[in-house]
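Input: a single structure, listed below in structure tokens.
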Amino acid sequence: MALIKNEKITSRDVDFAKWYTDIVKQAHLAYYTSVKGCLVLEPYSYAIWENMQKVLDGMFKELGHENVYMPLFIPESLLKKESEHVEGFAPEVAWVTHGGKNELEERLCVRPTSETLFCEYYSNVVNSYRDLPKLYNQWCNVVRWEKSTRPFLRTREFLWQEGHTIHETAEDAEAETHRMLNVYKKFFEEYLAIPVLTGKKTEKEKFAGAEYTLSLEALMYDGVSLQSATSHYFGQKFAKAFDVKFVDRENKLQYVYQTSWGTTTRMIGALIMVHGDDNGLVLPPKIAPKQVVIASIRNNDEVSKVIDQINEELAKEGIRILVDKSDKSAGFKFAEYEMKGIPVRIEVGPRDIANGKVVVARRDTSLKEEVNIADIAQYVKNLLVDIQQSMYNKALKHTQERTYTCTNLEQVKEIMNTKPGFIKAMWCGDPECEAKMKEIRGMKSRCIPFEEEHICDECIVCGKKAKHMVYWGIQY
């Protein structure tokens with residue numbers, strides 16, 4: 001059964017950008033402030049972020065990571081110590097030049113990322129191999145002065161986590177780089193119900209200052225890709241720039257090996273764009289602030305009693321519940337909770353409970369079913385599991401349908417101008433060919449997958465011998 005179209009939301013098939021903005025506003029996820037690119041995260045989006053934090057933080061700590069907090073400001077001299085890094089971030093840096101009325105002797109950068117701060121700290125606290133590894137993470141805000149902004153996807157200030165680890169050997173550091181990418185993959189697929197590609201960034205697209213970058217790439221409903229998390233291997237580049245040394249097992253001085261990895265509130269944007277529909281959010285149960293709403297159709301003592309009974313039974317199962325006994329009309333309530341994307345709605349009315357039943361509606365498909373009140377707890381538990389898996393399967397099917405194999409540029413142009421998605425194509429490794437691909441709707445390499453397919457022998461651009469199979473796509 002199809003949902004009745006919410007007239008406050010532009011259809012995503014008519015104007016995807018307007019649809020996205022409408023949902024952000026109508027679901028009360030974010031409020032625009034007087035500073036471009038700086039948003040108020042309203043209670044509902046922050047509750048989603050808190051659930052994301054809770055799950056990821058637990059996953060990090062299971063692997064031995066500890067949370068720390070670094071300062072907001074970075075002295076200019078410190079930022080400049082690693083030349084590649086500063087060059088990569090210079091266009092996006094916000095600077096503090098005055099403290100009160102006094103001009104500062106040295107400009108302070110408002111952190112766009114914290115590698116330099118961690119390096120300064122590590123250089124002072126690490127002495128011996130016995131001090132290693134250091135497995136640290138911080139939850140914080142960062143500032144990057146983006147020219148064009150969009151809520152959650154690209155803002156000047158955003159929330160994120162950034163892991164920063166140092167190790168005794170290159171093998172340990174590289175293992176950490178891959179391990180953390182797999183943590184993100186598990187989180188996206190098992191909690192956010194979003195399928196992802198994983199692989200290595202090209203030299204042109206890697207993080208500034210990294211030896212290499214591993215990436216998670218997800219495809220949105222409109223066929224545009226979103227870089228969703230990254231994990232970087234630095235080798236000894238930062239260690240040498242910041243003199244982060246330790247005495248090894250043979251009593252010799254060595255430089256540490258380093259990683260960093262992170263993801264941001266753009267995950268909320270991904271949830272909207274992968275799962276949302278023309279009636280609002282559709283949230284996977286594992287991450288939804290409220291998994292079930294129990295709503296009265298008409299209020300009387302018997303209805304209230306049944307609602308309380310169901311609430312108690314579901315709460316015993318650890319299910320997150322919202323109870324609505326308000327005198328709002330049933331239609332108003334249902335539209336509100338569809339907008340918020342609550343996975344399951346239980347409708348309690350006098351006519352149904354007279355027959356020992358309630359109506360259960362699932363948000364992802366809008367299907368309804370009458371369920372015996374005596375069976376409600378087990379039914380809802382099973383339903384939440386089914387919704388989570390069904391949402392992943394639907395997103396995976398969409399990604400598979402919008403992933404194309406191409407052997408010439410005319411195919412790529414046709415796809416990108418009609419029904420974009422991920423393009424699989426061979427590449428010779430020449431940055432000039434990579435730049436040539438960008439001429440097609442600003443398309444970029446997304447990643448070189450760990451398991452490359454052999455599509456053909458020739459580079460799709462120049463026809464020379466290919467080195468890699470690459471996923472390409474338009475990006476947010």
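Just so we're on the same page: first chain in the structure tokens is A, next is B, and so on; residues restart at 1 for each chain, and ligands are numbered from 1 in the order they show up.
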Would you give me, as CSV, each residue of stretch 237-341 of chain A having an atom within 10 Å of an atom of stretch 136-154 of chain A, along with its shortest atom pair and that distance in Å to one decimal, using only C-alpha atoms and sorting by chain and residue number?
residue,atom,partner,partner_atom,distance
A:Ser260,CA,A:Asn137,CA,9.0
A:Trp261,CA,A:Asn137,CA,9.0
A:Gly262,CA,A:Asn137,CA,9.1
A:Thr264,CA,A:Phe152,CA,8.6
A:Thr265,CA,A:Phe152,CA,5.8
A:Arg266,CA,A:Phe152,CA,4.6
A:Met267,CA,A:Phe152,CA,7.7
A:Ile268,CA,A:Phe152,CA,6.5
A:Gly269,CA,A:Phe152,CA,5.3
A:Ala270,CA,A:Leu153,CA,8.1
A:Ile272,CA,A:Phe152,CA,10.0
So that I have them on file, write out the residues from the current selection with C-alpha atoms, as a PDB file, in the first residue's frame.
ATOM      1  CA  SER A 260      44.394   8.481  11.186  1.00  0.00           C
ATOM      2  CA  TRP A 261      40.771   7.673  10.354  1.00  0.00           C
ATOM      3  CA  GLY A 262      37.427   9.408  10.649  1.00  0.00           C
ATOM      4  CA  THR A 264      31.366  12.762  10.332  1.00  0.00           C
ATOM      5  CA  THR A 265      27.791  14.001  10.678  1.00  0.00           C
ATOM      6  CA  ARG A 266      27.522  13.595   6.905  1.00  0.00           C
ATOM      7  CA  MET A 267      26.366  10.088   7.861  1.00  0.00           C
ATOM      8  CA  ILE A 268      23.029  11.730   8.712  1.00  0.00           C
ATOM      9  CA  GLY A 269      22.908  13.093   5.172  1.00  0.00           C
ATOM     10  CA  ALA A 270      23.611   9.600   3.866  1.00  0.00           C
ATOM     11  CA  ILE A 272      18.368  10.792   4.339  1.00  0.00           C
TER      12      ILE A 272
END
Nearest to A:His178: which of A:Ser225, A:Asn408, A:Thr259, A:Gln400 is it, counting only C-alpha atoms?
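Distance minimum relative to A:His178 lands on A:Thr259.
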Write out as a ChimeraX atom specification all residues of stretch 47-236 of chain A that backbone DSSP assigns to strand (DSSP E or B).
/A:66-67,73-75,94-99,102-110,128,134-143,150,154,157-167,197-200,212-219,225-235
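In this comparison, which uses only C-alpha atoms, the residue of A:Gln291, A:Met469, A:Ser231, A:Tyr379 approaching A:Ala175 most closely is A:Ser231.
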